[in-house]
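Coordinates from entry-v3.txt are shown below (compact mmCIF, C-alpha atoms).
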```
# COMPACT_ATOMS: atom_id res chain seq x y z
CA MET A 1 -39.85 51.98 35.41
CA THR A 2 -40.24 48.76 37.34
CA ALA A 3 -37.90 46.25 38.87
CA ARG A 4 -38.49 42.52 38.79
CA ILE A 5 -37.32 40.33 41.63
CA VAL A 6 -36.88 36.64 40.89
CA LEU A 7 -35.69 33.96 43.26
CA LYS A 8 -34.82 30.34 42.64
CA ILE A 9 -34.40 28.62 45.98
CA PRO A 10 -34.62 24.92 46.98
CA SER A 11 -38.18 23.94 47.91
CA VAL A 12 -37.72 24.05 51.68
CA THR A 13 -37.08 27.79 51.49
CA ILE A 14 -39.25 28.92 48.59
CA ILE A 15 -40.51 32.43 49.30
CA LEU A 16 -41.05 34.35 46.08
CA ALA A 17 -41.10 31.65 43.41
CA LEU A 18 -42.35 28.23 42.33
CA PHE A 19 -40.30 25.77 40.35
CA LEU A 20 -41.13 23.89 37.17
CA ALA A 21 -39.15 21.11 35.52
CA ALA A 22 -35.68 22.21 34.41
CA ALA A 23 -35.02 22.75 30.69
CA PRO A 24 -33.12 20.02 28.78
CA LEU A 25 -29.39 20.50 29.24
CA PHE A 26 -26.56 20.30 26.73
CA ALA A 27 -24.06 17.48 27.14
CA GLN A 28 -21.56 18.59 29.76
CA GLN A 29 -17.82 18.77 29.44
CA SER A 30 -15.95 17.47 32.50
CA SER A 31 -12.65 19.09 31.49
CA GLN A 32 -14.27 22.47 32.13
CA ARG A 33 -15.21 21.64 35.71
CA ASN A 34 -13.66 23.31 38.72
CA THR A 35 -11.88 20.73 40.88
CA GLU A 36 -13.36 22.16 44.08
CA PRO A 37 -16.99 21.74 45.24
CA LEU A 38 -19.41 24.66 45.24
CA ALA A 39 -19.34 24.86 49.05
CA ASP A 40 -19.73 28.53 50.00
CA LYS A 41 -18.63 29.99 46.68
CA ARG A 42 -20.98 32.59 45.27
CA VAL A 43 -21.30 34.61 42.08
CA LEU A 44 -22.85 38.05 41.59
CA VAL A 45 -23.33 39.30 38.03
CA ILE A 46 -24.14 42.99 37.57
CA SER A 47 -25.15 44.30 34.15
CA ILE A 48 -25.28 48.02 33.42
CA ASP A 49 -27.58 48.19 30.41
CA GLY A 50 -26.21 50.10 27.42
CA MET A 51 -22.94 50.90 29.16
CA ARG A 52 -20.43 51.94 26.52
CA PRO A 53 -16.99 51.70 28.15
CA ASP A 54 -15.84 55.27 27.47
CA VAL A 55 -19.03 56.65 29.02
CA LEU A 56 -18.37 54.62 32.15
CA LEU A 57 -14.80 55.96 32.28
CA ARG A 58 -16.15 59.52 32.16
CA ALA A 59 -18.58 58.91 35.02
CA LYS A 60 -18.12 59.49 38.71
CA ALA A 61 -17.65 55.81 39.47
CA PRO A 62 -15.45 55.28 42.55
CA ASN A 63 -16.82 51.80 43.24
CA ILE A 64 -16.03 50.50 39.77
CA ARG A 65 -12.60 52.12 39.86
CA GLU A 66 -11.92 50.37 43.16
CA MET A 67 -12.97 47.09 41.55
CA THR A 68 -10.40 47.57 38.80
CA GLN A 69 -7.73 48.21 41.42
CA HIS A 70 -8.63 45.01 43.28
CA GLY A 71 -9.62 42.89 40.29
CA SER A 72 -9.09 42.07 36.61
CA PHE A 73 -10.73 44.05 33.83
CA THR A 74 -11.00 45.02 30.20
CA PHE A 75 -12.88 47.87 28.58
CA TRP A 76 -12.70 46.08 25.25
CA ALA A 77 -14.93 43.07 25.89
CA GLU A 78 -17.31 42.20 23.08
CA SER A 79 -21.10 42.07 22.86
CA THR A 80 -23.00 39.70 20.58
CA ASP A 81 -23.21 40.52 16.88
CA MET A 82 -26.77 41.75 17.49
CA ALA A 83 -25.77 44.13 20.30
CA ILE A 84 -29.31 44.49 21.66
CA THR A 85 -30.59 43.95 25.18
CA LEU A 86 -32.57 40.72 25.40
CA PRO A 87 -30.60 38.51 22.99
CA THR A 88 -27.31 39.65 24.51
CA HIS A 89 -28.40 39.12 28.11
CA VAL A 90 -29.62 35.65 27.15
CA SER A 91 -26.15 35.00 25.71
CA MET A 92 -24.60 36.30 28.93
CA PHE A 93 -26.53 33.69 30.95
CA THR A 94 -26.52 30.76 28.53
CA GLY A 95 -23.01 31.08 27.13
CA VAL A 96 -24.20 30.74 23.53
CA SER A 97 -24.78 33.14 20.66
CA PRO A 98 -28.25 34.29 19.56
CA ALA A 99 -27.88 31.92 16.59
CA LYS A 100 -27.95 29.04 19.08
CA HIS A 101 -30.43 30.26 21.70
CA HIS A 102 -32.78 31.75 19.04
CA ILE A 103 -33.86 34.72 21.16
CA THR A 104 -33.67 37.40 18.50
CA TRP A 105 -36.50 39.70 19.57
CA ASN A 106 -36.16 42.45 22.16
CA ASP A 107 -39.48 42.81 23.94
CA ASP A 108 -41.92 40.93 26.20
CA ARG A 109 -43.82 39.14 23.41
CA ARG A 110 -42.72 35.61 24.22
CA VAL A 111 -41.17 35.85 27.68
CA GLU A 112 -43.52 33.20 29.08
CA SER A 113 -43.82 31.02 25.97
CA GLY A 114 -41.05 28.56 26.82
CA ALA A 115 -39.03 29.80 23.83
CA LEU A 116 -35.75 29.50 25.71
CA THR A 117 -34.61 25.89 25.21
CA VAL A 118 -30.95 26.09 26.28
CA PRO A 119 -29.89 25.90 29.93
CA THR A 120 -29.19 29.09 31.82
CA LEU A 121 -26.68 29.64 34.56
CA PHE A 122 -29.64 29.57 36.93
CA ASP A 123 -30.81 26.19 35.61
CA LEU A 124 -27.41 24.63 36.17
CA VAL A 125 -26.95 26.10 39.65
CA LYS A 126 -30.47 25.00 40.60
CA LYS A 127 -29.73 21.50 39.29
CA ALA A 128 -26.71 21.46 41.62
CA GLY A 129 -29.13 22.14 44.49
CA HIS A 130 -28.30 25.77 45.17
CA SER A 131 -30.22 29.05 45.20
CA THR A 132 -30.30 31.88 42.68
CA ALA A 133 -31.90 35.30 42.48
CA MET A 134 -32.54 38.14 40.01
CA VAL A 135 -33.39 41.80 40.53
CA VAL A 136 -33.87 43.39 37.11
CA GLY A 137 -35.22 46.62 35.69
CA LYS A 138 -36.84 45.24 32.52
CA THR A 139 -39.63 42.65 32.44
CA LYS A 140 -38.30 40.94 29.32
CA LEU A 141 -35.24 39.75 31.23
CA CYS A 142 -37.49 37.39 33.19
CA ILE A 143 -36.95 34.92 30.35
CA ILE A 144 -33.42 34.35 31.70
CA ALA A 145 -34.92 32.70 34.78
CA GLY A 146 -35.66 29.77 32.46
CA SER A 147 -38.23 27.03 32.67
CA GLY A 148 -37.50 26.45 36.34
CA MET A 149 -39.24 29.68 37.33
CA ALA A 150 -42.99 30.22 37.38
CA ASP A 151 -43.14 33.70 38.89
CA CYS A 152 -41.34 36.93 38.07
CA ARG A 153 -42.51 39.32 40.75
CA LYS A 154 -43.01 43.01 40.11
CA SER A 155 -42.03 45.80 42.49
CA THR A 156 -42.57 49.53 42.01
CA VAL A 157 -39.45 51.69 42.10
CA ASN A 158 -38.92 55.43 42.28
CA ASN A 159 -38.48 56.72 38.73
CA LYS A 160 -35.96 59.30 39.91
CA GLU A 161 -33.78 56.75 41.69
CA ASP A 162 -34.13 53.59 39.65
CA SER A 163 -30.58 52.36 40.12
CA LEU A 164 -30.57 53.10 43.84
CA SER A 165 -33.97 51.47 44.33
CA ILE A 166 -32.91 48.37 42.41
CA ALA A 167 -29.69 48.24 44.43
CA ASN A 168 -31.57 48.51 47.71
CA ARG A 169 -33.91 45.70 46.67
CA ALA A 170 -30.94 43.59 45.66
CA ALA A 171 -29.29 44.25 49.04
CA GLU A 172 -32.52 43.18 50.74
CA VAL A 173 -32.58 39.92 48.76
CA LEU A 174 -28.96 39.27 49.76
CA ARG A 175 -29.74 39.82 53.41
CA ARG A 176 -32.83 37.62 53.41
CA HIS A 177 -31.76 34.77 51.16
CA ARG A 178 -28.00 34.86 50.52
CA PRO A 179 -28.32 33.23 47.06
CA HIS A 180 -25.33 31.39 45.63
CA VAL A 181 -25.81 33.11 42.26
CA MET A 182 -27.44 36.50 41.77
CA PHE A 183 -28.05 38.77 38.79
CA VAL A 184 -28.67 42.51 39.19
CA HIS A 185 -29.57 44.69 36.21
CA PHE A 186 -29.44 48.50 36.04
CA PRO A 187 -31.47 49.83 33.06
CA ASP A 188 -30.97 53.59 33.37
CA PRO A 189 -27.96 54.23 31.07
CA ASP A 190 -29.78 52.49 28.20
CA THR A 191 -33.00 54.41 28.89
CA VAL A 192 -31.17 57.72 28.99
CA GLY A 193 -29.14 56.83 25.90
CA HIS A 194 -32.27 56.26 23.85
CA ALA A 195 -33.84 59.47 25.13
CA LEU A 196 -30.89 61.87 25.19
CA GLY A 197 -28.04 60.14 23.40
CA TRP A 198 -25.08 57.86 24.08
CA GLY A 199 -22.31 59.90 25.66
CA SER A 200 -24.65 62.71 26.69
CA PRO A 201 -23.97 64.38 30.07
CA GLU A 202 -27.19 62.82 31.34
CA GLN A 203 -26.02 59.34 30.43
CA VAL A 204 -22.73 59.93 32.21
CA ILE A 205 -24.76 60.84 35.31
CA ALA A 206 -26.85 57.68 34.89
CA ALA A 207 -23.63 55.64 34.80
CA GLY A 208 -22.61 57.28 38.05
CA SER A 209 -25.95 56.35 39.60
CA ALA A 210 -25.39 52.71 38.61
CA ASP A 211 -21.99 52.92 40.31
CA GLN A 212 -23.70 54.16 43.47
CA GLY A 213 -26.01 51.16 43.24
CA ILE A 214 -23.02 48.85 42.95
CA GLY A 215 -21.62 50.45 46.10
CA ILE A 216 -24.83 49.61 47.98
CA ILE A 217 -24.68 45.98 46.87
CA MET A 218 -20.99 45.59 47.68
CA ALA A 219 -21.59 47.11 51.12
CA ALA A 220 -24.32 44.49 51.71
CA LEU A 221 -21.91 41.70 50.76
CA LYS A 222 -19.35 43.09 53.19
CA GLU A 223 -21.96 43.45 55.93
CA LEU A 224 -22.96 39.81 55.49
CA GLY A 225 -19.36 38.58 55.46
CA LEU A 226 -19.74 37.29 51.88
CA LEU A 227 -17.09 39.32 50.05
CA GLU A 228 -14.41 36.67 50.55
CA GLN A 229 -16.70 34.05 48.98
CA THR A 230 -18.13 35.99 46.05
CA LEU A 231 -16.89 36.41 42.51
CA VAL A 232 -18.40 39.68 41.28
CA ILE A 233 -18.57 40.31 37.52
CA VAL A 234 -19.67 43.74 36.29
CA SER A 235 -20.40 44.03 32.58
CA ALA A 236 -22.99 45.27 30.08
CA ASP A 237 -25.00 44.06 27.11
CA HIS A 238 -24.02 46.66 24.48
CA GLY A 239 -22.89 50.19 23.87
CA GLY A 240 -24.47 52.58 21.40
CA SER A 241 -24.19 55.87 19.51
CA GLY A 242 -26.60 58.61 18.69
CA HIS A 243 -29.89 57.46 20.19
CA SER A 244 -29.67 53.76 19.38
CA HIS A 245 -27.61 50.58 19.31
CA GLY A 246 -27.45 47.35 17.34
CA ALA A 247 -25.45 45.43 14.76
CA LYS A 248 -25.25 48.36 12.32
CA VAL A 249 -24.91 51.15 14.91
CA PRO A 250 -21.34 52.35 15.52
CA PHE A 251 -19.83 51.87 18.98
CA SER A 252 -22.41 49.26 20.02
CA HIS A 253 -20.00 46.35 20.08
CA TYR A 254 -17.65 46.99 23.01
CA ILE A 255 -18.56 46.63 26.69
CA PRO A 256 -16.76 46.73 30.05
CA TRP A 257 -15.94 43.44 31.81
CA ILE A 258 -14.65 43.62 35.39
CA ALA A 259 -14.12 40.75 37.83
CA VAL A 260 -13.21 40.93 41.50
CA GLY A 261 -13.27 38.31 44.24
CA PRO A 262 -11.37 35.42 45.82
CA GLY A 263 -8.33 34.36 43.83
CA VAL A 264 -8.75 37.14 41.26
CA ARG A 265 -5.64 39.02 40.14
CA GLU A 266 -5.53 42.62 41.33
CA ASN A 267 -5.14 45.66 39.06
CA HIS A 268 -4.78 43.40 36.04
CA ASP A 269 -5.69 44.79 32.62
CA LEU A 270 -6.75 41.79 30.54
CA THR A 271 -5.60 43.46 27.33
CA LEU A 272 -2.08 42.55 28.51
CA GLU A 273 -2.94 38.90 27.82
CA PRO A 274 -1.77 37.89 24.31
CA LYS A 275 -4.60 36.76 22.06
CA LEU A 276 -7.22 36.95 24.83
CA ALA A 277 -10.58 38.31 23.66
CA VAL A 278 -13.31 38.50 26.31
CA HIS A 279 -16.90 38.02 25.13
CA VAL A 280 -20.23 38.50 26.85
CA GLU A 281 -20.82 34.70 26.73
CA ASP A 282 -17.76 34.26 28.95
CA VAL A 283 -19.74 35.49 31.98
CA PHE A 284 -21.67 32.20 31.93
CA ALA A 285 -18.57 30.04 31.54
CA THR A 286 -16.46 31.92 34.10
CA ALA A 287 -19.22 31.72 36.71
CA LEU A 288 -19.67 27.97 36.24
CA TYR A 289 -15.92 27.39 36.30
CA PHE A 290 -15.56 29.29 39.57
CA LEU A 291 -18.47 27.38 41.12
CA GLY A 292 -17.15 24.00 40.02
CA ILE A 293 -20.11 23.19 37.76
CA ALA A 294 -19.46 21.58 34.37
CA ILE A 295 -19.72 23.91 31.39
CA PRO A 296 -21.99 22.61 28.59
CA ALA A 297 -19.97 21.21 25.70
CA ASP A 298 -21.83 23.36 23.15
CA ALA A 299 -21.16 26.63 24.99
CA ASP A 300 -19.48 29.38 23.01
CA GLY A 301 -18.29 31.10 26.17
CA LYS A 302 -14.98 30.16 27.81
CA PRO A 303 -13.85 30.70 31.38
CA VAL A 304 -11.56 33.72 31.53
CA LEU A 305 -8.74 31.96 33.35
CA ALA A 306 -6.49 35.00 33.10
CA ILE A 307 -8.41 36.69 35.92
CA PHE A 308 -7.20 34.13 38.47
CA ASN A 309 -3.89 34.22 40.33
CA LYS A 310 -3.64 30.42 40.34
CA PRO A 311 -6.24 29.00 37.97
CA GLU A 312 -5.01 25.46 38.58
CA LYS A 313 -6.34 25.80 42.13
CA ILE A 314 -9.71 26.96 40.82
CA GLY A 315 -10.04 24.24 38.22
CA SER A 316 -9.09 23.38 34.68
CA GLY A 317 -10.40 24.77 31.43
CA ARG A 318 -9.58 26.18 28.07
CA LYS A 319 -8.57 29.72 27.26
CA LYS A 320 -10.05 31.64 24.39
```
Could you write out this structure as structure tokens?
Amino acid sequence: MTARIVLKIPSVTIILALFLAAAPLFAQQSSQRNTEPLADKRVLVISIDGMRPDVLLRAKAPNIREMTQHGSFTFWAESTDMAITLPTHVSMFTGVSPAKHHITWNDDRRVESGALTVPTLFDLVKKAGHSTAMVVGKTKLCIIAGSGMADCRKSTVNNKEDSLSIANRAAEVLRRHRPHVMFVHFPDPDTVGHALGWGSPEQVIAAGSADQGIGIIMAALKELGLLEQTLVIVSADHGGSGHSHGAKVPFSHYIPWIAVGPGVRENHDLTLEPKLAVHVEDVFATALYFLGIAIPADADGKPVLAIFNKPEKIGSGRKK
């Protein structure tokens, strides 16, 4: 198992990456723009690969439970119709369905082919002049870095402590670079699910290891004094059953979706919101909304305004 570390940082501080021209952007919708400037606001997105919500609830996960107490959450958020890793993560970071971004494969075949033609969250944050970073456990996710990234660096991790090693590398990136937007990906629950089954005792343990990793990352944010500036979203790409997942595999569709950070309502179950359905594409839209960056007009994702105590002070937008 390997972890990939990707950074997108303005040219004066480039350390691990080179930049290419940004991908063409959709027309942007000013009504979906936060009224406040980016300033010191930050976003951290954590994806626990293959994390079916009930498996997470069975795990020893004190850090995630604390997030639900201090944040807003649902364990009934929805994956893409495909419910597989690469297309769904691309949807998470582009805000559009696989039918629009056209990433329908699930391996490394075309990661460097320029196949991704819609803007990512990283593209838009970079265009605004701010830094981004990724620490991921699967090479194929390097495609999410978009056309603005030439290098997806590889680092060896300990196969017995993948989540902890990835978390420690992510904490190191935070300490060195303090990116405005960061993505961290824990692959173990998916790997264990394919090998030993979704809902197996081993997968429950893997979920607990991911929670430990989240604890390491949150401790780094606290150490750096960044907790009060950072919107943290913890989610997943899909669930699964048996030894697989996908459109025709039962229990693949639902995923956890947890948000905590400045202005976020505490201990708020989003299923209490009438007619609110949270989708994986909403990660993209909610992050942009919080940062004050216009959401592309063609985006399927919507900012989840229900997580905020006073959304009018964060910005304006539409509710799904």
### Message
Could you check the closest approach to A:His70 for each of A:Ile314, A:Val232, A:Leu56, A:Ala287 and tell me which residue wins, using all atoms listed in the file?
### Response
A:Val232
### Message
Give me, as a PyMOL selection string, all polymer residues having an atom no more than 12 Å from A:Val96, counting all atoms listed in the file and skipping those fewer than 6 positions away in the same chain.
### Response
chain A and resi 26+79-81+87-90+102-103+116-121+279-285+295-302
### Task
Would you work out the distance separating atom CA of A:Asn168 from atom CA of A:Gly197, expressed in Å to one decimal?
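Atom CA of A:Gly197 lies at a distance of 27.2 Å from atom CA of A:Asn168.
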### Pairwise distance for atom CA of A:Pro189 and atom CA of A:Ile46, rounded to one decimal in Å
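Calculated distance between atom CA of A:Pro189 and atom CA of A:Ile46 is 13.5 Å.
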### Task
May I have the residues within 9 Å of A:Asp188 as a list in words, using only C-alpha atoms and disregarding those fewer than 2 positions away in the same chain?
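Using only C-alpha atoms, the neighbours found are Ile48, Asp49, Gly50, Gly137, Asp162, Ser163, Phe186, Asp190, Thr191, Val192, Gly193, Gln203, Ala206, Ala207, Ser209 and Ala210 of chain A.
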### Query
What's the 7 Å shell around stretch 175-182 of chain A, counting only C-alpha atoms, without same-chain residues fewer than 4 positions away, as a VMD selection string?
chain A and resid 41 to 45 130 to 134 171
### Message
Considering only C-alpha atoms, can you say which of A:Leu270, A:Ala99, A:Ile64, A:Ala83 comes closest to A:Gly239?
### Response
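Among the listed residues, the smallest separation from A:Gly239 belongs to A:Ala83.
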### Query
So which residues touch A:Thr74 within 8 Å, counting all atoms listed in the file, skipping near sequence neighbours fewer than 2 positions away, as a PyMOL selection string?
chain A and resi 72+76-77+256-258+269-271+278
How would stretch 193-204 of chain A look with all heavy atoms restored, written as a PDB file, keeping the file's coordinate frame?
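Done, and the output landed in part_23.pdb:
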```pdb
ATOM      1  N   GLY A 193     -29.772  56.798  27.219  1.00  0.00           N
ATOM      2  CA  GLY A 193     -29.140  56.830  25.900  1.00  0.00           C
ATOM      3  C   GLY A 193     -30.150  56.953  24.782  1.00  0.00           C
ATOM      4  O   GLY A 193     -29.968  57.735  23.841  1.00  0.00           O
ATOM      5  N   HIS A 194     -31.232  56.177  24.878  1.00  0.00           N
ATOM      6  CA  HIS A 194     -32.270  56.260  23.850  1.00  0.00           C
ATOM      7  C   HIS A 194     -32.954  57.629  23.855  1.00  0.00           C
ATOM      8  O   HIS A 194     -33.313  58.151  22.797  1.00  0.00           O
ATOM      9  CB  HIS A 194     -33.320  55.172  24.075  1.00  0.00           C
ATOM     10  CG  HIS A 194     -32.869  53.812  23.627  1.00  0.00           C
ATOM     11  ND1 HIS A 194     -32.653  53.500  22.309  1.00  0.00           N
ATOM     12  CD2 HIS A 194     -32.599  52.686  24.334  1.00  0.00           C
ATOM     13  CE1 HIS A 194     -32.274  52.235  22.204  1.00  0.00           C
ATOM     14  NE2 HIS A 194     -32.221  51.721  23.422  1.00  0.00           N
ATOM     15  N   ALA A 195     -33.119  58.201  25.038  1.00  0.00           N
ATOM     16  CA  ALA A 195     -33.840  59.470  25.130  1.00  0.00           C
ATOM     17  C   ALA A 195     -32.973  60.669  24.792  1.00  0.00           C
ATOM     18  O   ALA A 195     -33.412  61.585  24.075  1.00  0.00           O
ATOM     19  CB  ALA A 195     -34.418  59.628  26.544  1.00  0.00           C
ATOM     20  N   LEU A 196     -31.725  60.665  25.271  1.00  0.00           N
ATOM     21  CA  LEU A 196     -30.890  61.870  25.190  1.00  0.00           C
ATOM     22  C   LEU A 196     -29.556  61.650  24.491  1.00  0.00           C
ATOM     23  O   LEU A 196     -28.822  62.613  24.258  1.00  0.00           O
ATOM     24  CB  LEU A 196     -30.653  62.416  26.596  1.00  0.00           C
ATOM     25  CG  LEU A 196     -31.920  62.819  27.361  1.00  0.00           C
ATOM     26  CD1 LEU A 196     -31.593  63.151  28.802  1.00  0.00           C
ATOM     27  CD2 LEU A 196     -32.608  63.992  26.675  1.00  0.00           C
ATOM     28  N   GLY A 197     -29.246  60.403  24.176  1.00  0.00           N
ATOM     29  CA  GLY A 197     -28.040  60.140  23.400  1.00  0.00           C
ATOM     30  C   GLY A 197     -26.940  59.438  24.183  1.00  0.00           C
ATOM     31  O   GLY A 197     -26.735  59.720  25.366  1.00  0.00           O
ATOM     32  N   TRP A 198     -26.238  58.521  23.484  1.00  0.00           N
ATOM     33  CA  TRP A 198     -25.080  57.860  24.080  1.00  0.00           C
ATOM     34  C   TRP A 198     -23.936  58.860  24.202  1.00  0.00           C
ATOM     35  O   TRP A 198     -23.589  59.556  23.246  1.00  0.00           O
ATOM     36  CB  TRP A 198     -24.666  56.664  23.233  1.00  0.00           C
ATOM     37  CG  TRP A 198     -25.172  55.394  23.818  1.00  0.00           C
ATOM     38  CD1 TRP A 198     -24.480  54.503  24.612  1.00  0.00           C
ATOM     39  CD2 TRP A 198     -26.489  54.855  23.707  1.00  0.00           C
ATOM     40  NE1 TRP A 198     -25.294  53.457  25.007  1.00  0.00           N
ATOM     41  CE2 TRP A 198     -26.526  53.647  24.449  1.00  0.00           C
ATOM     42  CE3 TRP A 198     -27.649  55.272  23.055  1.00  0.00           C
ATOM     43  CZ2 TRP A 198     -27.667  52.852  24.551  1.00  0.00           C
ATOM     44  CZ3 TRP A 198     -28.798  54.504  23.158  1.00  0.00           C
ATOM     45  CH2 TRP A 198     -28.796  53.301  23.893  1.00  0.00           C
ATOM     46  N   GLY A 199     -23.383  58.949  25.395  1.00  0.00           N
ATOM     47  CA  GLY A 199     -22.310  59.900  25.660  1.00  0.00           C
ATOM     48  C   GLY A 199     -22.795  61.258  26.103  1.00  0.00           C
ATOM     49  O   GLY A 199     -21.971  62.147  26.346  1.00  0.00           O
ATOM     50  N   SER A 200     -24.108  61.429  26.217  1.00  0.00           N
ATOM     51  CA  SER A 200     -24.650  62.710  26.690  1.00  0.00           C
ATOM     52  C   SER A 200     -24.293  62.908  28.167  1.00  0.00           C
ATOM     53  O   SER A 200     -24.041  61.931  28.889  1.00  0.00           O
ATOM     54  CB  SER A 200     -26.166  62.742  26.522  1.00  0.00           C
ATOM     55  OG  SER A 200     -26.781  61.765  27.358  1.00  0.00           O
ATOM     56  N   PRO A 201     -24.246  64.149  28.652  1.00  0.00           N
ATOM     57  CA  PRO A 201     -23.970  64.380  30.070  1.00  0.00           C
ATOM     58  C   PRO A 201     -24.944  63.633  30.981  1.00  0.00           C
ATOM     59  O   PRO A 201     -24.561  63.132  32.043  1.00  0.00           O
ATOM     60  CB  PRO A 201     -24.127  65.902  30.222  1.00  0.00           C
ATOM     61  CG  PRO A 201     -23.829  66.445  28.861  1.00  0.00           C
ATOM     62  CD  PRO A 201     -24.371  65.423  27.899  1.00  0.00           C
ATOM     63  N   GLU A 202     -26.187  63.517  30.523  1.00  0.00           N
ATOM     64  CA  GLU A 202     -27.190  62.820  31.340  1.00  0.00           C
ATOM     65  C   GLU A 202     -26.887  61.323  31.433  1.00  0.00           C
ATOM     66  O   GLU A 202     -27.111  60.696  32.471  1.00  0.00           O
ATOM     67  CB  GLU A 202     -28.582  63.032  30.748  1.00  0.00           C
ATOM     68  CG  GLU A 202     -29.090  64.460  30.829  1.00  0.00           C
ATOM     69  CD  GLU A 202     -28.596  65.361  29.688  1.00  0.00           C
ATOM     70  OE1 GLU A 202     -27.818  64.877  28.835  1.00  0.00           O
ATOM     71  OE2 GLU A 202     -28.993  66.543  29.658  1.00  0.00           O
ATOM     72  N   GLN A 203     -26.353  60.757  30.350  1.00  0.00           N
ATOM     73  CA  GLN A 203     -26.020  59.340  30.430  1.00  0.00           C
ATOM     74  C   GLN A 203     -24.806  59.102  31.319  1.00  0.00           C
ATOM     75  O   GLN A 203     -24.726  58.092  32.029  1.00  0.00           O
ATOM     76  CB  GLN A 203     -25.764  58.758  29.034  1.00  0.00           C
ATOM     77  CG  GLN A 203     -25.731  57.221  29.070  1.00  0.00           C
ATOM     78  CD  GLN A 203     -25.338  56.597  27.761  1.00  0.00           C
ATOM     79  OE1 GLN A 203     -24.402  57.036  27.113  1.00  0.00           O
ATOM     80  NE2 GLN A 203     -26.060  55.545  27.371  1.00  0.00           N
ATOM     81  N   VAL A 204     -23.878  60.034  31.309  1.00  0.00           N
ATOM     82  CA  VAL A 204     -22.730  59.930  32.210  1.00  0.00           C
ATOM     83  C   VAL A 204     -23.209  59.951  33.662  1.00  0.00           C
ATOM     84  O   VAL A 204     -22.720  59.183  34.505  1.00  0.00           O
ATOM     85  CB  VAL A 204     -21.730  61.076  31.944  1.00  0.00           C
ATOM     86  CG1 VAL A 204     -20.623  61.083  32.995  1.00  0.00           C
ATOM     87  CG2 VAL A 204     -21.131  60.947  30.549  1.00  0.00           C
TER      88      VAL A 204
END
```
